[in-house]
>>> print(open('upload-v4.txt').read())   # compact mmCIF, N, CA and C atoms
# COMPACT_ATOMS: atom_id res chain seq x y z
N MET A 1 0.84 -1.18 0.00
CA MET A 1 0.00 0.00 0.00
C MET A 1 0.88 1.24 0.00
N ASP A 2 0.49 2.24 -0.76
CA ASP A 2 1.23 3.49 -0.83
C ASP A 2 1.05 4.29 0.45
N LEU A 3 2.02 5.16 0.68
CA LEU A 3 1.93 6.05 1.84
C LEU A 3 0.84 7.08 1.58
N LEU A 4 0.08 7.40 2.62
CA LEU A 4 -0.99 8.38 2.53
C LEU A 4 -0.41 9.78 2.61
N LYS A 5 -0.89 10.67 1.74
CA LYS A 5 -0.55 12.08 1.79
C LYS A 5 -1.77 12.84 1.32
N LEU A 6 -2.41 13.55 2.25
CA LEU A 6 -3.62 14.30 1.94
C LEU A 6 -3.46 15.75 2.36
N VAL A 7 -4.00 16.65 1.55
CA VAL A 7 -4.03 18.07 1.87
C VAL A 7 -5.48 18.47 2.03
N ALA A 8 -5.76 19.26 3.06
CA ALA A 8 -7.13 19.75 3.29
C ALA A 8 -7.13 21.27 3.20
N LEU A 9 -7.99 21.80 2.31
CA LEU A 9 -8.10 23.25 2.12
C LEU A 9 -9.52 23.75 2.35
N ASP A 10 -10.45 22.82 2.63
CA ASP A 10 -11.82 23.23 2.93
C ASP A 10 -12.47 22.17 3.83
N LYS A 11 -13.70 22.43 4.21
CA LYS A 11 -14.41 21.54 5.16
C LYS A 11 -14.54 20.12 4.61
N GLU A 12 -14.86 19.97 3.33
CA GLU A 12 -15.02 18.64 2.74
C GLU A 12 -13.70 17.87 2.75
N ASP A 13 -12.59 18.55 2.43
CA ASP A 13 -11.27 17.91 2.51
C ASP A 13 -10.99 17.45 3.93
N LEU A 14 -11.32 18.30 4.91
CA LEU A 14 -11.04 17.97 6.31
C LEU A 14 -11.86 16.76 6.75
N GLU A 15 -13.06 16.59 6.21
CA GLU A 15 -13.88 15.42 6.53
C GLU A 15 -13.21 14.14 6.04
N ILE A 16 -12.55 14.20 4.88
CA ILE A 16 -11.83 13.03 4.36
C ILE A 16 -10.63 12.72 5.25
N VAL A 17 -9.90 13.74 5.64
CA VAL A 17 -8.77 13.55 6.56
C VAL A 17 -9.27 12.94 7.87
N SER A 18 -10.39 13.44 8.37
CA SER A 18 -10.97 12.93 9.61
C SER A 18 -11.27 11.44 9.51
N ALA A 19 -11.83 11.02 8.38
CA ALA A 19 -12.15 9.59 8.20
C ALA A 19 -10.89 8.73 8.23
N HIS A 20 -9.82 9.20 7.64
CA HIS A 20 -8.57 8.44 7.63
C HIS A 20 -7.91 8.42 9.01
N LEU A 21 -8.16 9.44 9.83
CA LEU A 21 -7.50 9.53 11.13
C LEU A 21 -8.36 9.03 12.29
N GLN A 22 -9.59 8.60 12.01
CA GLN A 22 -10.44 8.08 13.08
C GLN A 22 -9.72 6.94 13.78
N ASP A 23 -9.69 6.99 15.09
CA ASP A 23 -9.07 5.98 15.95
C ASP A 23 -7.54 6.05 15.96
N ALA A 24 -6.97 7.15 15.48
CA ALA A 24 -5.53 7.33 15.61
C ALA A 24 -5.20 7.52 17.10
N VAL A 25 -4.03 7.04 17.49
CA VAL A 25 -3.57 7.19 18.87
C VAL A 25 -2.49 8.27 18.90
N VAL A 26 -2.68 9.21 19.82
CA VAL A 26 -1.79 10.36 19.97
C VAL A 26 -1.37 10.44 21.43
N THR A 27 -0.11 10.72 21.69
CA THR A 27 0.28 11.03 23.06
C THR A 27 0.37 12.55 23.18
N VAL A 28 0.07 13.05 24.36
CA VAL A 28 0.06 14.49 24.59
C VAL A 28 1.42 15.10 24.21
N GLY A 29 2.50 14.41 24.48
CA GLY A 29 3.82 14.92 24.16
C GLY A 29 4.09 15.07 22.67
N GLU A 30 3.23 14.47 21.83
CA GLU A 30 3.40 14.58 20.38
C GLU A 30 2.52 15.66 19.76
N ILE A 31 1.93 16.48 20.62
CA ILE A 31 1.16 17.64 20.16
C ILE A 31 2.07 18.85 20.31
N VAL A 32 2.46 19.43 19.21
CA VAL A 32 3.45 20.52 19.23
C VAL A 32 2.82 21.79 18.67
N TRP A 33 2.69 22.79 19.53
CA TRP A 33 2.14 24.09 19.14
C TRP A 33 3.31 25.03 18.91
N LEU A 34 3.39 25.60 17.71
CA LEU A 34 4.44 26.53 17.33
C LEU A 34 3.81 27.90 17.04
N PRO A 35 3.54 28.68 18.11
CA PRO A 35 2.79 29.93 17.92
C PRO A 35 3.48 30.93 16.99
N GLU A 36 4.82 30.99 17.03
CA GLU A 36 5.52 31.94 16.17
C GLU A 36 5.39 31.59 14.69
N ASP A 37 5.12 30.30 14.38
CA ASP A 37 4.91 29.86 13.00
C ASP A 37 3.43 29.70 12.65
N HIS A 38 2.56 29.95 13.63
CA HIS A 38 1.11 29.77 13.44
C HIS A 38 0.81 28.35 12.97
N ARG A 39 1.44 27.37 13.63
CA ARG A 39 1.37 25.97 13.19
C ARG A 39 1.17 25.04 14.38
N LEU A 40 0.36 24.00 14.15
CA LEU A 40 0.21 22.89 15.09
C LEU A 40 0.61 21.63 14.35
N VAL A 41 1.46 20.82 14.98
CA VAL A 41 1.89 19.55 14.41
C VAL A 41 1.56 18.45 15.43
N VAL A 42 0.99 17.36 14.94
CA VAL A 42 0.60 16.25 15.80
C VAL A 42 1.18 14.96 15.21
N GLY A 43 2.02 14.28 15.99
CA GLY A 43 2.49 12.95 15.60
C GLY A 43 1.46 11.94 16.05
N LEU A 44 1.16 10.96 15.21
CA LEU A 44 0.12 10.00 15.60
C LEU A 44 0.37 8.63 14.98
N ASN A 45 -0.28 7.65 15.55
CA ASN A 45 -0.28 6.28 15.04
C ASN A 45 -1.69 6.02 14.53
N ARG A 46 -1.86 6.11 13.22
CA ARG A 46 -3.21 5.98 12.67
C ARG A 46 -3.52 4.53 12.34
N PHE A 47 -4.79 4.16 12.57
CA PHE A 47 -5.26 2.84 12.15
C PHE A 47 -5.47 2.91 10.66
N ASP A 48 -4.96 1.94 9.91
CA ASP A 48 -5.05 1.94 8.45
C ASP A 48 -6.37 1.32 8.01
N TRP A 49 -7.39 2.18 7.86
CA TRP A 49 -8.73 1.71 7.50
C TRP A 49 -8.77 1.13 6.09
N GLU A 50 -7.94 1.62 5.18
CA GLU A 50 -7.91 1.06 3.82
C GLU A 50 -7.43 -0.38 3.84
N ALA A 51 -6.39 -0.66 4.60
CA ALA A 51 -5.87 -2.04 4.68
C ALA A 51 -6.88 -2.95 5.36
N ALA A 52 -7.62 -2.42 6.33
CA ALA A 52 -8.61 -3.23 7.06
C ALA A 52 -9.79 -3.61 6.18
N SER A 53 -10.06 -2.79 5.15
CA SER A 53 -11.19 -3.08 4.29
C SER A 53 -10.77 -3.69 2.96
N ALA A 54 -9.51 -4.08 2.84
CA ALA A 54 -9.01 -4.70 1.60
C ALA A 54 -9.58 -6.11 1.44
N GLU A 55 -9.41 -6.67 0.25
CA GLU A 55 -9.89 -8.02 -0.03
C GLU A 55 -9.33 -9.02 0.98
N ILE A 56 -8.07 -8.89 1.30
CA ILE A 56 -7.45 -9.66 2.38
C ILE A 56 -7.13 -8.65 3.48
N PRO A 57 -8.02 -8.53 4.48
CA PRO A 57 -7.87 -7.47 5.49
C PRO A 57 -6.59 -7.63 6.32
N ALA A 58 -6.01 -6.48 6.61
CA ALA A 58 -4.84 -6.42 7.49
C ALA A 58 -5.10 -5.35 8.53
N TRP A 59 -4.93 -5.69 9.79
CA TRP A 59 -5.08 -4.71 10.85
C TRP A 59 -3.68 -4.18 11.14
N GLN A 60 -3.51 -2.90 10.86
CA GLN A 60 -2.19 -2.32 11.07
C GLN A 60 -2.30 -0.84 11.39
N ARG A 61 -1.25 -0.33 11.98
CA ARG A 61 -1.13 1.09 12.26
C ARG A 61 0.07 1.63 11.50
N ARG A 62 -0.01 2.92 11.20
CA ARG A 62 1.05 3.60 10.46
C ARG A 62 1.44 4.86 11.21
N ARG A 63 2.72 5.14 11.25
CA ARG A 63 3.22 6.37 11.85
C ARG A 63 2.93 7.51 10.88
N SER A 64 2.26 8.54 11.37
CA SER A 64 1.83 9.65 10.52
C SER A 64 2.02 10.98 11.25
N ALA A 65 1.90 12.05 10.49
CA ALA A 65 1.96 13.40 11.06
C ALA A 65 0.82 14.23 10.48
N LEU A 66 0.22 15.03 11.34
CA LEU A 66 -0.86 15.93 10.96
C LEU A 66 -0.38 17.35 11.23
N ARG A 67 -0.55 18.24 10.24
CA ARG A 67 -0.09 19.62 10.39
C ARG A 67 -1.21 20.58 10.03
N PHE A 68 -1.34 21.63 10.84
CA PHE A 68 -2.25 22.73 10.54
C PHE A 68 -1.44 24.01 10.49
N ASP A 69 -1.59 24.78 9.42
CA ASP A 69 -0.96 26.09 9.30
C ASP A 69 -2.03 27.16 9.40
N ARG A 70 -1.57 28.42 9.52
CA ARG A 70 -2.46 29.59 9.63
C ARG A 70 -3.34 29.52 10.88
N VAL A 71 -2.75 28.99 11.95
CA VAL A 71 -3.47 28.86 13.23
C VAL A 71 -3.27 30.13 14.04
N LEU A 72 -4.36 30.77 14.40
CA LEU A 72 -4.32 32.02 15.15
C LEU A 72 -4.22 31.79 16.65
N SER A 73 -4.90 30.74 17.13
CA SER A 73 -4.83 30.41 18.56
C SER A 73 -5.08 28.92 18.73
N PHE A 74 -4.61 28.40 19.85
CA PHE A 74 -4.70 26.98 20.16
C PHE A 74 -5.12 26.82 21.61
N LYS A 75 -6.14 26.01 21.83
CA LYS A 75 -6.62 25.74 23.19
C LYS A 75 -6.88 24.25 23.32
N SER A 76 -6.79 23.76 24.56
CA SER A 76 -7.07 22.35 24.81
C SER A 76 -8.05 22.23 25.98
N ARG A 77 -8.77 21.10 25.98
CA ARG A 77 -9.72 20.82 27.07
C ARG A 77 -9.39 19.46 27.66
N ASN A 78 -9.28 19.41 28.97
CA ASN A 78 -9.07 18.19 29.75
C ASN A 78 -7.72 17.51 29.51
N ILE A 79 -6.71 18.27 29.09
CA ILE A 79 -5.33 17.77 29.06
C ILE A 79 -4.39 18.91 29.42
N THR A 80 -3.23 18.54 29.91
CA THR A 80 -2.20 19.53 30.21
C THR A 80 -0.88 19.04 29.61
N PRO A 81 0.02 19.95 29.27
CA PRO A 81 1.31 19.55 28.70
C PRO A 81 2.11 18.62 29.60
N ALA A 82 1.87 18.66 30.90
CA ALA A 82 2.59 17.79 31.83
C ALA A 82 2.22 16.31 31.66
N ASP A 83 1.08 16.03 31.01
CA ASP A 83 0.62 14.65 30.78
C ASP A 83 1.25 14.07 29.51
N LYS A 84 2.54 14.29 29.29
CA LYS A 84 3.22 13.93 28.04
C LYS A 84 2.97 12.50 27.56
N ASP A 85 2.86 11.54 28.47
CA ASP A 85 2.70 10.13 28.09
C ASP A 85 1.24 9.69 28.00
N LYS A 86 0.31 10.58 28.28
CA LYS A 86 -1.10 10.21 28.22
C LYS A 86 -1.50 9.93 26.78
N ALA A 87 -2.09 8.75 26.54
CA ALA A 87 -2.54 8.37 25.19
C ALA A 87 -3.96 8.85 24.96
N LEU A 88 -4.18 9.41 23.78
CA LEU A 88 -5.49 9.93 23.38
C LEU A 88 -5.96 9.19 22.14
N ASN A 89 -7.25 8.92 22.07
CA ASN A 89 -7.85 8.27 20.90
C ASN A 89 -8.63 9.31 20.11
N LEU A 90 -8.17 9.61 18.90
CA LEU A 90 -8.81 10.62 18.06
C LEU A 90 -10.12 10.09 17.49
N LEU A 91 -11.18 10.85 17.68
CA LEU A 91 -12.50 10.47 17.18
C LEU A 91 -12.82 11.17 15.86
N ALA A 92 -12.57 12.48 15.79
CA ALA A 92 -12.95 13.22 14.59
C ALA A 92 -12.30 14.60 14.56
N LEU A 93 -12.25 15.16 13.35
CA LEU A 93 -11.85 16.55 13.11
C LEU A 93 -13.06 17.25 12.53
N ASP A 94 -13.38 18.41 13.07
CA ASP A 94 -14.55 19.17 12.61
C ASP A 94 -14.14 20.61 12.34
N PHE A 95 -14.88 21.26 11.44
CA PHE A 95 -14.65 22.67 11.14
C PHE A 95 -15.96 23.43 11.23
N ALA A 96 -15.92 24.55 11.94
CA ALA A 96 -17.07 25.45 12.02
C ALA A 96 -16.62 26.82 11.51
N GLU A 97 -17.21 27.26 10.41
CA GLU A 97 -16.84 28.53 9.82
C GLU A 97 -17.38 29.67 10.68
N THR A 98 -16.56 30.71 10.88
CA THR A 98 -16.99 31.87 11.65
C THR A 98 -17.10 33.10 10.75
N ASP A 99 -16.03 33.44 10.07
CA ASP A 99 -16.00 34.59 9.16
C ASP A 99 -15.20 34.14 7.94
N ALA A 100 -15.89 33.57 6.95
CA ALA A 100 -15.26 32.89 5.81
C ALA A 100 -14.02 33.63 5.30
N PRO A 101 -12.94 32.91 5.09
CA PRO A 101 -12.77 31.46 5.23
C PRO A 101 -12.30 31.03 6.62
N ALA A 102 -12.29 31.96 7.57
CA ALA A 102 -11.82 31.66 8.93
C ALA A 102 -12.83 30.80 9.68
N GLY A 103 -12.35 30.14 10.73
CA GLY A 103 -13.23 29.33 11.55
C GLY A 103 -12.48 28.61 12.64
N THR A 104 -13.13 27.60 13.17
CA THR A 104 -12.57 26.83 14.27
C THR A 104 -12.50 25.36 13.88
N VAL A 105 -11.31 24.79 14.01
CA VAL A 105 -11.11 23.36 13.81
C VAL A 105 -11.07 22.73 15.20
N THR A 106 -11.84 21.67 15.38
CA THR A 106 -11.85 20.94 16.65
C THR A 106 -11.41 19.51 16.41
N LEU A 107 -10.41 19.09 17.17
CA LEU A 107 -9.98 17.69 17.18
C LEU A 107 -10.58 17.08 18.43
N SER A 108 -11.52 16.14 18.27
CA SER A 108 -12.21 15.52 19.40
C SER A 108 -11.61 14.16 19.70
N PHE A 109 -11.36 13.91 20.98
CA PHE A 109 -10.78 12.66 21.44
C PHE A 109 -11.74 12.01 22.45
N SER A 110 -11.59 10.72 22.64
CA SER A 110 -12.40 10.06 23.67
C SER A 110 -12.03 10.64 25.03
N GLY A 111 -12.91 10.45 25.99
CA GLY A 111 -12.67 10.97 27.34
C GLY A 111 -12.90 12.46 27.46
N ASP A 112 -13.71 13.04 26.56
CA ASP A 112 -14.05 14.47 26.59
C ASP A 112 -12.81 15.36 26.49
N VAL A 113 -11.84 14.93 25.71
CA VAL A 113 -10.64 15.72 25.45
C VAL A 113 -10.79 16.36 24.07
N ALA A 114 -10.37 17.61 23.94
CA ALA A 114 -10.48 18.28 22.65
C ALA A 114 -9.36 19.30 22.49
N LEU A 115 -8.99 19.52 21.24
CA LEU A 115 -8.09 20.61 20.85
C LEU A 115 -8.90 21.54 19.97
N ARG A 116 -8.75 22.83 20.19
CA ARG A 116 -9.48 23.82 19.40
C ARG A 116 -8.50 24.78 18.76
N LEU A 117 -8.61 24.91 17.44
CA LEU A 117 -7.73 25.79 16.69
C LEU A 117 -8.57 26.86 16.01
N ASP A 118 -8.28 28.11 16.28
CA ASP A 118 -8.90 29.18 15.52
C ASP A 118 -7.96 29.43 14.34
N VAL A 119 -8.49 29.31 13.12
CA VAL A 119 -7.66 29.37 11.92
C VAL A 119 -8.12 30.49 10.98
N GLU A 120 -7.15 31.06 10.24
CA GLU A 120 -7.47 32.04 9.20
C GLU A 120 -8.27 31.36 8.09
N CYS A 121 -7.89 30.11 7.81
CA CYS A 121 -8.54 29.27 6.82
C CYS A 121 -8.02 27.85 7.05
N ILE A 122 -8.65 26.88 6.43
CA ILE A 122 -8.16 25.51 6.57
C ILE A 122 -6.96 25.33 5.65
N GLU A 123 -5.84 24.99 6.27
CA GLU A 123 -4.64 24.64 5.52
C GLU A 123 -3.96 23.54 6.33
N SER A 124 -4.20 22.30 5.92
CA SER A 124 -3.76 21.16 6.70
C SER A 124 -3.22 20.06 5.79
N GLU A 125 -2.39 19.21 6.38
CA GLU A 125 -1.83 18.08 5.64
C GLU A 125 -1.62 16.92 6.61
N VAL A 126 -1.89 15.72 6.12
CA VAL A 126 -1.56 14.50 6.86
C VAL A 126 -0.69 13.66 5.93
N VAL A 127 0.39 13.14 6.49
CA VAL A 127 1.31 12.30 5.70
C VAL A 127 1.74 11.10 6.53
N ASP A 128 1.84 9.96 5.87
CA ASP A 128 2.44 8.79 6.51
C ASP A 128 3.94 8.96 6.49
N LEU A 129 4.58 8.57 7.57
CA LEU A 129 6.02 8.74 7.69
C LEU A 129 6.80 7.47 7.39
N GLY A 130 6.10 6.36 7.20
CA GLY A 130 6.77 5.14 6.79
C GLY A 130 6.54 3.93 7.66
N PRO A 131 6.90 3.97 8.94
CA PRO A 131 6.76 2.75 9.76
C PRO A 131 5.33 2.23 9.80
N VAL A 132 5.19 0.91 9.62
CA VAL A 132 3.90 0.21 9.66
C VAL A 132 4.09 -1.00 10.56
N TRP A 133 3.09 -1.31 11.38
CA TRP A 133 3.16 -2.51 12.21
C TRP A 133 1.77 -3.11 12.37
N ALA A 134 1.75 -4.40 12.56
CA ALA A 134 0.48 -5.12 12.75
C ALA A 134 -0.07 -4.80 14.14
N THR A 135 -1.39 -4.80 14.22
CA THR A 135 -2.05 -4.59 15.50
C THR A 135 -3.03 -5.75 15.71
N ALA A 136 -3.26 -6.09 16.96
CA ALA A 136 -4.05 -7.28 17.28
C ALA A 136 -5.55 -7.09 17.11
N CYS A 137 -6.02 -5.84 17.03
CA CYS A 137 -7.46 -5.65 16.93
C CYS A 137 -7.82 -4.48 16.02
N CYS A 138 -9.05 -4.51 15.59
CA CYS A 138 -9.62 -3.46 14.76
C CYS A 138 -10.56 -2.64 15.63
N PRO A 139 -10.45 -1.31 15.61
CA PRO A 139 -11.41 -0.52 16.40
C PRO A 139 -12.84 -0.88 16.02
N ASP A 140 -13.71 -0.94 17.01
CA ASP A 140 -15.09 -1.37 16.80
C ASP A 140 -16.01 -0.29 17.36
N HIS A 141 -16.90 0.21 16.54
CA HIS A 141 -17.82 1.26 16.96
C HIS A 141 -19.23 0.72 16.98
N GLU A 142 -19.98 1.15 17.98
CA GLU A 142 -21.37 0.71 18.12
C GLU A 142 -22.31 1.75 17.56
N LYS A 143 -23.37 1.29 16.90
CA LYS A 143 -24.44 2.19 16.49
C LYS A 143 -25.25 2.55 17.71
N SER A 144 -26.08 3.57 17.59
CA SER A 144 -26.85 4.03 18.75
C SER A 144 -27.78 2.96 19.31
N GLU A 145 -28.24 2.02 18.48
CA GLU A 145 -29.12 0.98 18.98
C GLU A 145 -28.34 -0.19 19.58
N GLY A 146 -27.02 -0.08 19.66
CA GLY A 146 -26.22 -1.14 20.23
C GLY A 146 -25.72 -2.14 19.21
N GLU A 147 -26.06 -1.94 17.93
CA GLU A 147 -25.60 -2.84 16.88
C GLU A 147 -24.18 -2.50 16.49
N LYS A 148 -23.33 -3.50 16.39
CA LYS A 148 -21.94 -3.29 16.03
C LYS A 148 -21.83 -2.88 14.57
N VAL A 149 -20.89 -1.98 14.29
CA VAL A 149 -20.62 -1.53 12.93
C VAL A 149 -19.41 -2.27 12.39
>>> encode(input="upload-v4.txt", output="structure tokens")
Amino acid sequence: MDLLKLVALDKEDLEIVSAHLQDAVVTVGEIVWLPEDHRLVVGLNRFDWEAASAEIPAWQRRRSALRFDRVLSFKSRNITPADKDKALNLLALDFAETDAPAGTVTLSFSGDVALRLDVECIESEVVDLGPVWATACCPDHEKSEGEKV
């Protein structure tokens, strides 16, 4: 499988990035805010959903990086930089437009943890960095009625 490299420049692009990053594992220490560069960089271990849905499924994770540019401010909820080793499970990336093309990008994690970025516009990229390893399980999500997806 080829390495993933996606650029997001609008809400629809960001939804595609969100789908690829669902269930990625991030440690707090791998969230790097660079205010002087107006950039947020997140190192993560993403679950490879494409490989899991292949004709011969493979459950694996890939080392990846997520970058946001043109970030005006960065806030977090329910985490502190001192929790460097705390593992977070990424659920979704969302964008709410405020004053086009500006808005707020929210990275939502399990356990009511969130990162909020106020951005001039959406300018983001996710890239696989190369390392791939097998994982013992596939993330499993339940529908609201309790039926497994």
>>> atom_distance(input="upload-v4.txt", atom1="CA of Cys121 in chain A", atom2="CA of Leu3 in chain A")
26.0 Å
>>> residues_around(input="upload-v4.txt", residues="Leu90 in chain A", least_positions_apart="2", cutoff="6 Å", atoms="all atoms listed in the file", output="list in words")
Leu21, Gln22, Asp23, Ala24, Val25, Val26, Leu88, Ala92, Ser108, Phe109 and Ser110 of chain A
>>> select_by_dssp(input="upload-v4.txt", residues="range 13-98 of chain A", states="alpha helix (DSSP H)", output="number ranges by chain")
A: 13-21, 49-52
>>> closest_residue(input="upload-v4.txt", among="A:Asp128, A:Ile122, A:Asp2, A:Ser73", to="Leu44 in chain A", atoms="only C-alpha atoms")
A:Asp128
>>> residues_around(input="upload-v4.txt", residues="range 60-68 of chain A", least_positions_apart="3", cutoff="7 Å", atoms="only C-alpha atoms", output="short mmCIF file (atom, residue, chain, number, x, y, z; two decimals) with N, CA and C atoms, keeping the file's coordinate frame")
data_model
loop_
_atom_site.label_atom_id
_atom_site.label_comp_id
_atom_site.auth_asym_id
_atom_site.auth_seq_id
_atom_site.Cartn_x
_atom_site.Cartn_y
_atom_site.Cartn_z
N ARG A 39 1.44 27.37 13.63
CA ARG A 39 1.37 25.97 13.19
C ARG A 39 1.17 25.04 14.38
N LEU A 40 0.36 24.00 14.15
CA LEU A 40 0.21 22.89 15.09
C LEU A 40 0.61 21.63 14.35
N VAL A 41 1.46 20.82 14.98
CA VAL A 41 1.89 19.55 14.41
C VAL A 41 1.56 18.45 15.43
N VAL A 42 0.99 17.36 14.94
CA VAL A 42 0.60 16.25 15.80
C VAL A 42 1.18 14.96 15.21
N GLY A 43 2.02 14.28 15.99
CA GLY A 43 2.49 12.95 15.60
C GLY A 43 1.46 11.94 16.05
N LEU A 44 1.16 10.96 15.21
CA LEU A 44 0.12 10.00 15.60
C LEU A 44 0.37 8.63 14.98
N ASN A 45 -0.28 7.65 15.55
CA ASN A 45 -0.28 6.28 15.04
C ASN A 45 -1.69 6.02 14.53
N ARG A 46 -1.86 6.11 13.22
CA ARG A 46 -3.21 5.98 12.67
C ARG A 46 -3.52 4.53 12.34
N PHE A 47 -4.79 4.16 12.57
CA PHE A 47 -5.26 2.84 12.15
C PHE A 47 -5.47 2.91 10.66
N ASP A 48 -4.96 1.94 9.91
CA ASP A 48 -5.05 1.94 8.45
C ASP A 48 -6.37 1.32 8.01
N VAL A 71 -2.75 28.99 11.95
CA VAL A 71 -3.47 28.86 13.23
C VAL A 71 -3.27 30.13 14.04
N GLU A 123 -5.84 24.99 6.27
CA GLU A 123 -4.64 24.64 5.52
C GLU A 123 -3.96 23.54 6.33
N SER A 124 -4.20 22.30 5.92
CA SER A 124 -3.76 21.16 6.70
C SER A 124 -3.22 20.06 5.79
N GLU A 125 -2.39 19.21 6.38
CA GLU A 125 -1.83 18.08 5.64
C GLU A 125 -1.62 16.92 6.61
N VAL A 126 -1.89 15.72 6.12
CA VAL A 126 -1.56 14.50 6.86
C VAL A 126 -0.69 13.66 5.93
N VAL A 127 0.39 13.14 6.49
CA VAL A 127 1.31 12.30 5.70
C VAL A 127 1.74 11.10 6.53
N ASP A 128 1.84 9.96 5.87
CA ASP A 128 2.44 8.79 6.51
C ASP A 128 3.94 8.96 6.49
N LEU A 129 4.58 8.57 7.57
CA LEU A 129 6.02 8.74 7.69
C LEU A 129 6.80 7.47 7.39
N GLY A 130 6.10 6.36 7.20
CA GLY A 130 6.77 5.14 6.79
C GLY A 130 6.54 3.93 7.66
N PRO A 131 6.90 3.97 8.94
CA PRO A 131 6.76 2.75 9.76
C PRO A 131 5.33 2.23 9.80
N VAL A 132 5.19 0.91 9.62
CA VAL A 132 3.90 0.21 9.66
C VAL A 132 4.09 -1.00 10.56
N TRP A 133 3.09 -1.31 11.38
CA TRP A 133 3.16 -2.51 12.21
C TRP A 133 1.77 -3.11 12.37
N ALA A 134 1.75 -4.40 12.56
CA ALA A 134 0.48 -5.12 12.75
C ALA A 134 -0.07 -4.80 14.14
N THR A 135 -1.39 -4.80 14.22
CA THR A 135 -2.05 -4.59 15.50
C THR A 135 -3.03 -5.75 15.71
#
>>> axis_aligned_box(input="upload-v4.txt", around="range 70-82 of chain A", padding_each_side="3 Å", output="JSON")
{"center_x": -3.6, "center_y": 24.2, "center_z": 20.7, "size_x": 18.3, "size_y": 21.7, "size_z": 28.3}
>>> atom_distance(input="upload-v4.txt", atom1="atom N of Lys84 in chain A", atom2="CA of Val113 in chain A")
13.8 Å
>>> atom_distance(input="upload-v4.txt", atom1="CA of Pro35 in chain A", atom2="CA of Thr80 in chain A")
16.9 Å
>>> closest_residue(input="upload-v4.txt", among="A:Ala51, A:Leu72, A:Ala87, A:Ala136", to="Arg116 in chain A", atoms="only C-alpha atoms")
A:Leu72
>>> closest_residue(input="upload-v4.txt", among="A:Leu14, A:Val28, A:Val119, A:Ala52", to="Pro101 in chain A", atoms="all atoms listed in the file")
A:Val119
>>> select_by_dssp(input="upload-v4.txt", residues="range 13-81 of chain A", states="strand (DSSP E)", output="NGL selection string")
:A and (25-27 or 31-34 or 39-47 or 60-68 or 71-77)
>>> closest_residue(input="upload-v4.txt", among="A:Cys137, A:Trp33, A:Lys5, A:Arg77", to="Gly111 in chain A", atoms="all atoms listed in the file")
A:Arg77
>>> closest_residue(input="upload-v4.txt", among="A:Glu55, A:Glu15, A:Asp94, A:Asp85", to="Ile31 in chain A", atoms="only C-alpha atoms")
A:Asp85
>>> closest_residue(input="upload-v4.txt", among="A:Lys75, A:Arg70, A:Pro57, A:Cys138", to="Ala102 in chain A", atoms="only C-alpha atoms")
A:Arg70
